[in-house]
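*Asks:* Provided below: final.pdb, containing PDB, C-alpha atoms, pLDDT in the B column.
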MODEL        1
ATOM      1  CA  MET V   3     -37.719  31.629  47.830  1.00 92.00           C
ATOM      2  CA  LYS V   4     -36.699  28.344  46.220  1.00 96.00           C
ATOM      3  CA  ILE V   5     -39.373  25.693  45.715  1.00 97.00           C
ATOM      4  CA  GLY V   6     -38.833  21.996  45.072  1.00 98.00           C
ATOM      5  CA  PHE V   7     -41.610  19.963  43.418  1.00 98.00           C
ATOM      6  CA  VAL V   8     -41.082  16.271  44.163  1.00 98.00           C
ATOM      7  CA  LEU V   9     -42.496  14.037  41.424  1.00 97.00           C
ATOM      8  CA  PHE V  10     -42.601  10.242  41.119  1.00 97.00           C
ATOM      9  CA  ASN V  11     -44.058   7.477  38.975  1.00 96.00           C
ATOM     10  CA  GLY V  12     -47.737   6.913  39.677  1.00 96.00           C
ATOM     11  CA  ILE V  13     -48.379  10.584  40.425  1.00 96.00           C
ATOM     12  CA  THR V  14     -51.762  12.230  39.828  1.00 95.00           C
ATOM     13  CA  PHE V  15     -50.654  15.122  37.654  1.00 95.00           C
ATOM     14  CA  LEU V  16     -53.573  17.388  38.607  1.00 95.00           C
ATOM     15  CA  ASP V  17     -52.209  17.328  42.175  1.00 96.00           C
ATOM     16  CA  PHE V  18     -49.046  18.901  40.793  1.00 96.00           C
ATOM     17  CA  ILE V  19     -50.355  21.085  37.974  1.00 96.00           C
ATOM     18  CA  GLY V  20     -53.189  22.613  40.008  1.00 96.00           C
ATOM     19  CA  PHE V  21     -50.661  23.756  42.588  1.00 97.00           C
ATOM     20  CA  TYR V  22     -47.944  24.723  40.106  1.00 97.00           C
ATOM     21  CA  ASP V  23     -50.198  26.836  37.879  1.00 97.00           C
ATOM     22  CA  VAL V  24     -51.047  29.042  40.855  1.00 97.00           C
ATOM     23  CA  ILE V  25     -47.801  29.079  42.799  1.00 97.00           C
ATOM     24  CA  TYR V  26     -45.465  30.136  39.965  1.00 95.00           C
ATOM     25  CA  ARG V  27     -47.442  33.407  39.895  1.00 96.00           C
ATOM     26  CA  LEU V  28     -45.716  34.423  43.129  1.00 96.00           C
ATOM     27  CA  ASN V  29     -43.280  36.147  40.782  1.00 95.00           C
ATOM     28  CA  LEU V  30     -45.977  38.700  39.942  1.00 94.00           C
ATOM     29  CA  PHE V  31     -45.720  40.327  43.362  1.00 96.00           C
ATOM     30  CA  GLU V  32     -42.959  42.409  44.921  1.00 95.00           C
ATOM     31  CA  GLU V  33     -43.026  40.416  48.166  1.00 94.00           C
ATOM     32  CA  THR V  34     -42.174  37.150  46.387  1.00 95.00           C
ATOM     33  CA  LYS V  35     -40.512  38.287  43.159  1.00 94.00           C
ATOM     34  CA  GLY V  36     -37.516  36.124  42.322  1.00 94.00           C
ATOM     35  CA  THR V  37     -39.156  32.867  43.442  1.00 95.00           C
ATOM     36  CA  THR V  38     -37.540  29.917  41.665  1.00 96.00           C
ATOM     37  CA  TRP V  39     -38.422  26.252  41.445  1.00 96.00           C
ATOM     38  CA  ASP V  40     -37.136  22.853  40.361  1.00 97.00           C
ATOM     39  CA  ILE V  41     -39.092  19.825  39.220  1.00 97.00           C
ATOM     40  CA  CYS V  42     -37.340  17.009  41.068  1.00 98.00           C
ATOM     41  CA  GLY V  43     -37.361  13.232  40.775  1.00 97.00           C
ATOM     42  CA  LEU V  44     -35.248  10.111  40.961  1.00 97.00           C
ATOM     43  CA  SER V  45     -35.257   9.675  37.183  1.00 95.00           C
ATOM     44  CA  GLU V  46     -35.216  11.904  34.127  1.00 95.00           C
ATOM     45  CA  GLU V  47     -38.824  11.088  33.205  1.00 96.00           C
ATOM     46  CA  ILE V  48     -41.892  10.650  35.403  1.00 96.00           C
ATOM     47  CA  SER V  49     -45.117   8.920  34.320  1.00 96.00           C
ATOM     48  CA  ASP V  50     -48.542   9.296  35.869  1.00 94.00           C
ATOM     49  CA  GLU V  51     -51.123   6.586  36.568  1.00 85.00           C
ATOM     50  CA  LEU V  52     -52.246   6.628  32.910  1.00 88.00           C
ATOM     51  CA  GLY V  53     -48.821   6.721  31.267  1.00 90.00           C
ATOM     52  CA  LEU V  54     -48.528  10.451  30.585  1.00 94.00           C
ATOM     53  CA  THR V  55     -44.828  11.332  30.879  1.00 96.00           C
ATOM     54  CA  ILE V  56     -42.949  14.551  31.680  1.00 94.00           C
ATOM     55  CA  LYS V  57     -39.285  15.331  32.253  1.00 95.00           C
ATOM     56  CA  VAL V  58     -37.811  16.589  35.503  1.00 96.00           C
ATOM     57  CA  ASN V  59     -35.024  19.168  35.537  1.00 94.00           C
ATOM     58  CA  LYS V  60     -33.290  18.036  38.748  1.00 96.00           C
ATOM     59  CA  ILE V  61     -32.489  14.367  39.349  1.00 97.00           C
ATOM     60  CA  LYS V  62     -32.148  13.538  43.048  1.00 97.00           C
ATOM     61  CA  PRO V  63     -31.052  17.010  44.226  1.00 97.00           C
ATOM     62  CA  ASP V  64     -30.281  17.776  47.851  1.00 97.00           C
ATOM     63  CA  LEU V  65     -33.780  18.594  49.141  1.00 98.00           C
ATOM     64  CA  SER V  66     -32.413  20.461  52.159  1.00 97.00           C
ATOM     65  CA  GLU V  67     -31.540  23.338  49.824  1.00 96.00           C
ATOM     66  CA  TYR V  68     -35.166  24.350  49.272  1.00 97.00           C
ATOM     67  CA  ASP V  69     -37.330  26.803  51.224  1.00 97.00           C
ATOM     68  CA  LEU V  70     -40.581  25.029  50.361  1.00 97.00           C
ATOM     69  CA  LEU V  71     -41.009  21.407  49.348  1.00 98.00           C
ATOM     70  CA  PHE V  72     -44.200  20.240  47.632  1.00 98.00           C
ATOM     71  CA  VAL V  73     -45.204  16.566  47.445  1.00 98.00           C
ATOM     72  CA  PRO V  74     -48.284  15.596  45.390  1.00 98.00           C
ATOM     73  CA  GLY V  75     -50.218  12.343  45.595  1.00 96.00           C
ATOM     74  CA  GLY V  76     -51.361   9.534  43.329  1.00 95.00           C
ATOM     75  CA  ARG V  77     -51.762   5.778  43.351  1.00 94.00           C
ATOM     76  CA  GLY V  78     -47.997   5.416  43.271  1.00 95.00           C
ATOM     77  CA  THR V  79     -47.740   6.624  46.867  1.00 96.00           C
ATOM     78  CA  ARG V  80     -49.093   3.326  48.205  1.00 95.00           C
ATOM     79  CA  GLU V  81     -45.959   1.420  47.214  1.00 95.00           C
ATOM     80  CA  LEU V  82     -43.529   4.326  47.229  1.00 96.00           C
ATOM     81  CA  ARG V  83     -43.916   4.856  50.976  1.00 96.00           C
ATOM     82  CA  PHE V  84     -42.029   1.575  51.404  1.00 97.00           C
ATOM     83  CA  ASP V  85     -39.270   2.491  48.914  1.00 97.00           C
ATOM     84  CA  GLU V  86     -36.189   3.137  51.047  1.00 96.00           C
ATOM     85  CA  GLU V  87     -34.294   5.021  48.336  1.00 97.00           C
ATOM     86  CA  PHE V  88     -37.124   7.490  47.807  1.00 97.00           C
ATOM     87  CA  ILE V  89     -37.972   7.915  51.493  1.00 98.00           C
ATOM     88  CA  SER V  90     -34.327   8.431  52.454  1.00 97.00           C
ATOM     89  CA  TRP V  91     -34.087  11.117  49.774  1.00 97.00           C
ATOM     90  CA  LEU V  92     -37.260  12.775  51.040  1.00 98.00           C
ATOM     91  CA  ARG V  93     -35.874  12.863  54.598  1.00 97.00           C
ATOM     92  CA  GLN V  94     -33.282  15.381  53.410  1.00 97.00           C
ATOM     93  CA  ALA V  95     -36.100  17.955  53.656  1.00 97.00           C
ATOM     94  CA  GLU V  96     -36.431  17.561  57.418  1.00 94.00           C
ATOM     95  CA  ASN V  97     -35.380  21.158  58.115  1.00 94.00           C
ATOM     96  CA  VAL V  98     -37.005  22.837  55.112  1.00 96.00           C
ATOM     97  CA  ASN V  99     -39.009  25.930  56.124  1.00 96.00           C
ATOM     98  CA  TYR V 100     -42.288  24.703  54.620  1.00 96.00           C
ATOM     99  CA  ILE V 101     -43.202  21.098  53.813  1.00 97.00           C
ATOM    100  CA  VAL V 102     -46.406  20.885  51.810  1.00 97.00           C
ATOM    101  CA  SER V 103     -48.441  18.002  50.399  1.00 97.00           C
ATOM    102  CA  VAL V 104     -51.713  17.453  48.646  1.00 97.00           C
ATOM    103  CA  CYS V 105     -53.818  14.305  48.466  1.00 96.00           C
ATOM    104  CA  THR V 106     -51.877  11.126  49.333  1.00 97.00           C
ATOM    105  CA  GLY V 107     -48.578  12.972  49.215  1.00 97.00           C
ATOM    106  CA  SER V 108     -49.054  13.097  52.980  1.00 98.00           C
ATOM    107  CA  LEU V 109     -48.506   9.320  53.101  1.00 98.00           C
ATOM    108  CA  LEU V 110     -44.992   9.931  51.804  1.00 98.00           C
ATOM    109  CA  LEU V 111     -44.427  12.677  54.372  1.00 98.00           C
ATOM    110  CA  GLY V 112     -45.617  10.241  56.998  1.00 97.00           C
ATOM    111  CA  ALA V 113     -43.295   7.478  55.805  1.00 98.00           C
ATOM    112  CA  ALA V 114     -40.408   9.967  56.045  1.00 97.00           C
ATOM    113  CA  GLY V 115     -41.341  10.682  59.676  1.00 97.00           C
ATOM    114  CA  PHE V 116     -42.433  14.283  59.112  1.00 97.00           C
ATOM    115  CA  LEU V 117     -45.937  13.763  60.544  1.00 96.00           C
ATOM    116  CA  LYS V 118     -44.890  12.352  63.899  1.00 94.00           C
ATOM    117  CA  ASN V 119     -46.828  14.202  66.628  1.00 92.00           C
ATOM    118  CA  LYS V 120     -48.470  16.314  63.902  1.00 94.00           C
ATOM    119  CA  LYS V 121     -52.053  16.728  62.771  1.00 93.00           C
ATOM    120  CA  SER V 122     -52.612  16.328  59.056  1.00 94.00           C
ATOM    121  CA  THR V 123     -55.022  15.413  56.293  1.00 94.00           C
ATOM    122  CA  THR V 124     -55.145  13.604  52.951  1.00 96.00           C
ATOM    123  CA  HIS V 125     -57.614  12.411  50.321  1.00 96.00           C
ATOM    124  CA  PRO V 126     -60.826  11.314  52.108  1.00 94.00           C
ATOM    125  CA  ASN V 127     -60.393   7.798  50.715  1.00 95.00           C
ATOM    126  CA  ALA V 128     -57.002   7.497  52.428  1.00 96.00           C
ATOM    127  CA  TYR V 129     -57.722   8.707  55.972  1.00 97.00           C
ATOM    128  CA  GLU V 130     -57.178   5.226  57.406  1.00 97.00           C
ATOM    129  CA  LEU V 131     -53.858   4.843  55.600  1.00 97.00           C
ATOM    130  CA  LEU V 132     -52.672   8.136  57.079  1.00 97.00           C
ATOM    131  CA  GLU V 133     -53.628   7.364  60.692  1.00 97.00           C
ATOM    132  CA  PRO V 134     -50.515   5.328  61.644  1.00 96.00           C
ATOM    133  CA  TYR V 135     -48.202   8.158  60.585  1.00 97.00           C
ATOM    134  CA  CYS V 136     -49.574  11.151  62.485  1.00 96.00           C
ATOM    135  CA  LYS V 137     -50.934  12.315  65.805  1.00 94.00           C
ATOM    136  CA  GLU V 138     -54.424  12.889  64.403  1.00 94.00           C
ATOM    137  CA  VAL V 139     -56.085  12.867  60.998  1.00 95.00           C
ATOM    138  CA  ILE V 140     -58.205  15.997  60.571  1.00 93.00           C
ATOM    139  CA  LYS V 141     -60.988  15.236  58.105  1.00 91.00           C
ATOM    140  CA  THR V 142     -60.921  18.522  56.285  1.00 91.00           C
ATOM    141  CA  ARG V 143     -59.361  20.175  53.231  1.00 91.00           C
ATOM    142  CA  ILE V 144     -56.275  22.021  54.448  1.00 93.00           C
ATOM    143  CA  VAL V 145     -54.459  21.652  57.765  1.00 93.00           C
ATOM    144  CA  ARG V 146     -51.411  23.553  58.980  1.00 92.00           C
ATOM    145  CA  ASP V 147     -49.376  22.298  61.912  1.00 92.00           C
ATOM    146  CA  GLY V 148     -46.230  24.370  62.340  1.00 89.00           C
ATOM    147  CA  ASN V 149     -44.226  24.316  59.114  1.00 90.00           C
ATOM    148  CA  LEU V 150     -46.252  21.391  57.802  1.00 93.00           C
ATOM    149  CA  ILE V 151     -49.219  22.044  55.486  1.00 94.00           C
ATOM    150  CA  THR V 152     -51.244  19.090  54.201  1.00 94.00           C
ATOM    151  CA  ALA V 153     -54.274  19.148  51.921  1.00 93.00           C
ATOM    152  CA  GLY V 154     -57.082  16.844  50.837  1.00 93.00           C
ATOM    153  CA  GLY V 155     -58.134  15.403  47.496  1.00 89.00           C
ATOM    154  CA  VAL V 156     -56.959  16.288  44.014  1.00 91.00           C
ATOM    155  CA  SER V 157     -58.792  19.571  43.347  1.00 90.00           C
ATOM    156  CA  THR V 158     -57.662  20.913  46.718  1.00 92.00           C
ATOM    157  CA  SER V 159     -54.293  21.607  45.085  1.00 94.00           C
ATOM    158  CA  ILE V 160     -55.647  24.904  43.707  1.00 95.00           C
ATOM    159  CA  ASP V 161     -57.054  26.056  47.050  1.00 94.00           C
ATOM    160  CA  LEU V 162     -53.831  25.008  48.758  1.00 93.00           C
ATOM    161  CA  ALA V 163     -51.720  27.116  46.420  1.00 94.00           C
ATOM    162  CA  LEU V 164     -54.050  30.088  46.867  1.00 94.00           C
ATOM    163  CA  TYR V 165     -53.713  29.734  50.631  1.00 92.00           C
ATOM    164  CA  ILE V 166     -49.919  29.801  50.335  1.00 93.00           C
ATOM    165  CA  VAL V 167     -50.102  32.901  48.135  1.00 94.00           C
ATOM    166  CA  GLU V 168     -52.138  34.590  50.860  1.00 92.00           C
ATOM    167  CA  LEU V 169     -49.634  33.387  53.468  1.00 91.00           C
ATOM    168  CA  PHE V 170     -46.635  34.825  51.613  1.00 95.00           C
ATOM    169  CA  VAL V 171     -48.260  37.873  49.982  1.00 95.00           C
ATOM    170  CA  ASN V 172     -51.836  38.894  50.856  1.00 94.00           C
ATOM    171  CA  LYS V 173     -55.515  38.372  50.077  1.00 93.00           C
ATOM    172  CA  ASP V 174     -55.417  40.899  47.218  1.00 95.00           C
ATOM    173  CA  ALA V 175     -52.842  38.733  45.443  1.00 96.00           C
ATOM    174  CA  VAL V 176     -55.178  35.770  45.766  1.00 95.00           C
ATOM    175  CA  GLU V 177     -57.997  37.700  44.113  1.00 95.00           C
ATOM    176  CA  ILE V 178     -55.706  38.762  41.248  1.00 96.00           C
ATOM    177  CA  ILE V 179     -54.692  35.165  40.581  1.00 96.00           C
ATOM    178  CA  LYS V 180     -58.264  33.894  40.804  1.00 95.00           C
ATOM    179  CA  LYS V 181     -59.235  36.331  38.060  1.00 96.00           C
ATOM    180  CA  GLN V 182     -56.279  35.275  35.931  1.00 96.00           C
ATOM    181  CA  ILE V 183     -57.227  31.596  36.070  1.00 96.00           C
ATOM    182  CA  ASP V 184     -60.989  32.297  35.971  1.00 95.00           C
ATOM    183  CA  TYR V 185     -61.488  30.601  39.335  1.00 94.00           C
ATOM    184  CA  PRO V 186     -64.799  31.925  40.717  1.00 90.00           C
ATOM    185  CA  TYR V 187     -65.018  29.684  43.778  1.00 87.00           C
ATOM    186  CA  GLU V 188     -64.758  30.599  47.437  1.00 78.00           C
ATOM    187  CA  VAL V 189     -63.709  28.027  49.981  1.00 66.00           C
ATOM    188  CA  GLN V 190     -66.636  27.300  52.240  1.00 46.00           C
ATOM    189  CA  GLY V 191     -66.525  27.121  56.040  1.00 33.00           C
ATOM    190  CA  ILE V 192     -63.181  28.808  56.748  1.00 37.00           C
ATOM    191  CA  LYS V 193     -62.308  28.290  60.419  1.00 32.00           C
ATOM    192  CA  PRO V 194     -59.035  29.799  61.592  1.00 34.00           C
ATOM    193  CA  PHE V 195     -58.509  28.397  65.077  1.00 33.00           C
ATOM    194  CA  GLU V 196     -55.783  26.803  67.162  1.00 42.00           C
ATOM    195  CA  ARG V 197     -55.658  23.139  68.102  1.00 41.00           C
ATOM    196  CA  GLN V 198     -52.531  23.376  70.230  1.00 42.00           C
ATOM    197  CA  GLU V 199     -49.932  24.017  67.485  1.00 43.00           C
ATOM    198  CA  CYS V 200     -52.309  23.013  64.696  1.00 46.00           C
ATOM    199  CA  GLN V 201     -54.359  25.502  62.723  1.00 50.00           C
ATOM    200  CA  LEU V 202     -57.336  24.161  60.790  1.00 53.00           C
ATOM    201  CA  LEU V 203     -57.615  26.373  57.745  1.00 53.00           C
ATOM    202  CA  TYR V 204     -60.343  25.123  55.456  1.00 46.00           C
ATOM    203  CA  GLU V 205     -63.309  22.871  56.089  1.00 45.00           C
ATOM    204  CA  ILE V 206     -64.728  20.549  53.467  1.00 39.00           C
ATOM    205  CA  PRO V 207     -67.200  22.577  51.364  1.00 40.00           C
ATOM    206  CA  THR V 208     -70.771  21.433  51.940  1.00 37.00           C
ATOM    207  CA  ASN V 209     -72.193  22.806  48.700  1.00 37.00           C
ATOM    208  CA  ARG V 210     -69.462  22.169  46.140  1.00 35.00           C
ATOM    209  CA  LYS V 211     -69.443  19.070  43.962  1.00 32.00           C
TER     210      LYS V 211
ENDMDL
END
Any chance you could give the structure as structure tokens?
*Replies:*
Amino acid sequence: MKIGFVLFNGITFLDFIGFYDVIYRLNLFEETKGTTWDICGLSEEISDELGLTIKVNKIKPDLSEYDLLFVPGGRGTRELRFDEEFISWLRQAENVNYIVSVCTGSLLLGAAGFLKNKKSTTHPNAYELLEPYCKEVIKTRIVRDGNLITAGGVSTSIDLALYIVELFVNKDAVEIIKKQIDYPYEVQGIKPFERQECQLLYEIPTNRK
């Protein structure tokens, strides 16, 4: 499996790092050994909301070449959703097997047209911004509708990655990774059920701060 991480100026890096630190461990398991990834962007360096800068290793690659595309969020998404160069580039991922976002990354997926007739979620503070782009905003932590998986606020990036590990490997792999990263939490209120083609995976925890 080949993963593309799409980064941009104004990103919230925890959206990316929380997901990345879990998902690269797919290489620990026979089922997903050989997983590769690229950190992608439109420029050589990407800065977050506070000025922290990292380098990407693929500048404007063809996003259709990936098996899973991950789009994080951040304050930069508010303006970037109207950036035609970026959105046109993102549209290359239309036929990617799995399109995944966390936080306000879903606004970018929406601007690219990926959420049309789909149910999705985002950071709780951005539900209203997401509404014009999708069929229905589900006010919860992780929503899967077909090949589209969207997640809520910043810390949800860890739970999202653990869900994907379970999807591609199994629950035992999740428990191994949780021990490795000393992550003692269990997602509260898991409800696997169908809403037409949409599966609501995780509810908002009621007892976690």
*Asks:* Using all atoms listed in the file, which protein or nucleic acid residues come within 9 Å of Asp161 in chain V? Drop anything in the same chain fewer than 6 positions from it, and give the result as a PyMOL selection string.
*Replies:* chain V and resi 20-21+143-144+153+188-189
*Asks:* With the PyMOL selection byres ((chain V and resi 26-29) around 12) as the selection, what would be picked from this file? Answer as a PyMOL selection string, please.
*Replies:* chain V and resi 3-7+18-25+30-40+163-172+175-176+178-180+182-183
*Asks:* Can those selected residues be exported to a file as a short mmCIF file (atom, residue, chain, number, x, y, z; two decimals), in the frame of the given file so that it contains C-alpha atoms?
*Replies:*
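Full text of part22.cif as output:
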data_model
loop_
_atom_site.label_atom_id
_atom_site.label_comp_id
_atom_site.auth_asym_id
_atom_site.auth_seq_id
_atom_site.Cartn_x
_atom_site.Cartn_y
_atom_site.Cartn_z
CA MET V 3 -37.72 31.63 47.83
CA LYS V 4 -36.70 28.34 46.22
CA ILE V 5 -39.37 25.69 45.72
CA GLY V 6 -38.83 22.00 45.07
CA PHE V 7 -41.61 19.96 43.42
CA PHE V 18 -49.05 18.90 40.79
CA ILE V 19 -50.36 21.08 37.97
CA GLY V 20 -53.19 22.61 40.01
CA PHE V 21 -50.66 23.76 42.59
CA TYR V 22 -47.94 24.72 40.11
CA ASP V 23 -50.20 26.84 37.88
CA VAL V 24 -51.05 29.04 40.85
CA ILE V 25 -47.80 29.08 42.80
CA LEU V 30 -45.98 38.70 39.94
CA PHE V 31 -45.72 40.33 43.36
CA GLU V 32 -42.96 42.41 44.92
CA GLU V 33 -43.03 40.42 48.17
CA THR V 34 -42.17 37.15 46.39
CA LYS V 35 -40.51 38.29 43.16
CA GLY V 36 -37.52 36.12 42.32
CA THR V 37 -39.16 32.87 43.44
CA THR V 38 -37.54 29.92 41.66
CA TRP V 39 -38.42 26.25 41.44
CA ASP V 40 -37.14 22.85 40.36
CA ALA V 163 -51.72 27.12 46.42
CA LEU V 164 -54.05 30.09 46.87
CA TYR V 165 -53.71 29.73 50.63
CA ILE V 166 -49.92 29.80 50.34
CA VAL V 167 -50.10 32.90 48.14
CA GLU V 168 -52.14 34.59 50.86
CA LEU V 169 -49.63 33.39 53.47
CA PHE V 170 -46.64 34.83 51.61
CA VAL V 171 -48.26 37.87 49.98
CA ASN V 172 -51.84 38.89 50.86
CA ALA V 175 -52.84 38.73 45.44
CA VAL V 176 -55.18 35.77 45.77
CA ILE V 178 -55.71 38.76 41.25
CA ILE V 179 -54.69 35.16 40.58
CA LYS V 180 -58.26 33.89 40.80
CA GLN V 182 -56.28 35.28 35.93
CA ILE V 183 -57.23 31.60 36.07
#
*Asks:* Evaluated on this file, the PyMOL selection byres ((chain V and resi 10-12) around 8) picks out some residues - which ones are they, written as a PyMOL selection string?
*Replies:* chain V and resi 8-9+13-14+43-44+48-51+76-79
*Asks:* What does the distance from CA of Asn119 in chain V to CA of Thr152 in chain V come to in Å, to one decimal?
*Replies:*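 Atom-to-atom, CA of Asn119 in chain V and CA of Thr152 in chain V are spaced 14.1 Å apart.
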*Asks:* I'd like the neighbourhood of Leu70 in chain V as JSON, numbers by chain, where a residue qualifies if any of its atoms comes within 6 Å (using only C-alpha atoms), though same-chain residues fewer than 2 positions away should be ignored.
*Replies:* {"V": [5, 68, 100, 101]}
*Asks:* For Leu150 in chain V, which residue out of V:Leu117, V:Leu110, V:Val58, V:Ala95 is the nearest one, using all atoms listed in the file?
*Replies:* V:Leu117
*Asks:* Just the number, please: distance in Å from CA of Gly75 in chain V to CA of Thr158 in chain V, one decimal.
*Replies:*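 Computing the Euclidean distance for CA of Gly75 in chain V and CA of Thr158 in chain V yields 11.4 Å.
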*Asks:* Quick one: apply the PyMOL selection byres ((chain V and resi 84) around 12) to the file and drop the selected residues here as number ranges by chain.
*Replies:* V: 78-83, 85-90, 109-114
*Asks:* Just to be explicit: take each residue in the selection above, keep C-alpha atoms, and write the result as a CSV table (one decimal), keeping the file's coordinate frame.
*Replies:*
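Final file, result.csv:
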chain,number,residue,atom,x,y,z
V,78,GLY,CA,-48.0,5.4,43.3
V,79,THR,CA,-47.7,6.6,46.9
V,80,ARG,CA,-49.1,3.3,48.2
V,81,GLU,CA,-46.0,1.4,47.2
V,82,LEU,CA,-43.5,4.3,47.2
V,83,ARG,CA,-43.9,4.9,51.0
V,85,ASP,CA,-39.3,2.5,48.9
V,86,GLU,CA,-36.2,3.1,51.0
V,87,GLU,CA,-34.3,5.0,48.3
V,88,PHE,CA,-37.1,7.5,47.8
V,89,ILE,CA,-38.0,7.9,51.5
V,90,SER,CA,-34.3,8.4,52.5
V,109,LEU,CA,-48.5,9.3,53.1
V,110,LEU,CA,-45.0,9.9,51.8
V,111,LEU,CA,-44.4,12.7,54.4
V,112,GLY,CA,-45.6,10.2,57.0
V,113,ALA,CA,-43.3,7.5,55.8
V,114,ALA,CA,-40.4,10.0,56.0
*Asks:* In Å, with one decimal, what is the gap from CA of Cys105 in chain V to CA of Asp147 in chain V?
*Replies:*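 We find that CA of Cys105 in chain V and CA of Asp147 in chain V lie 16.3 Å from each other.
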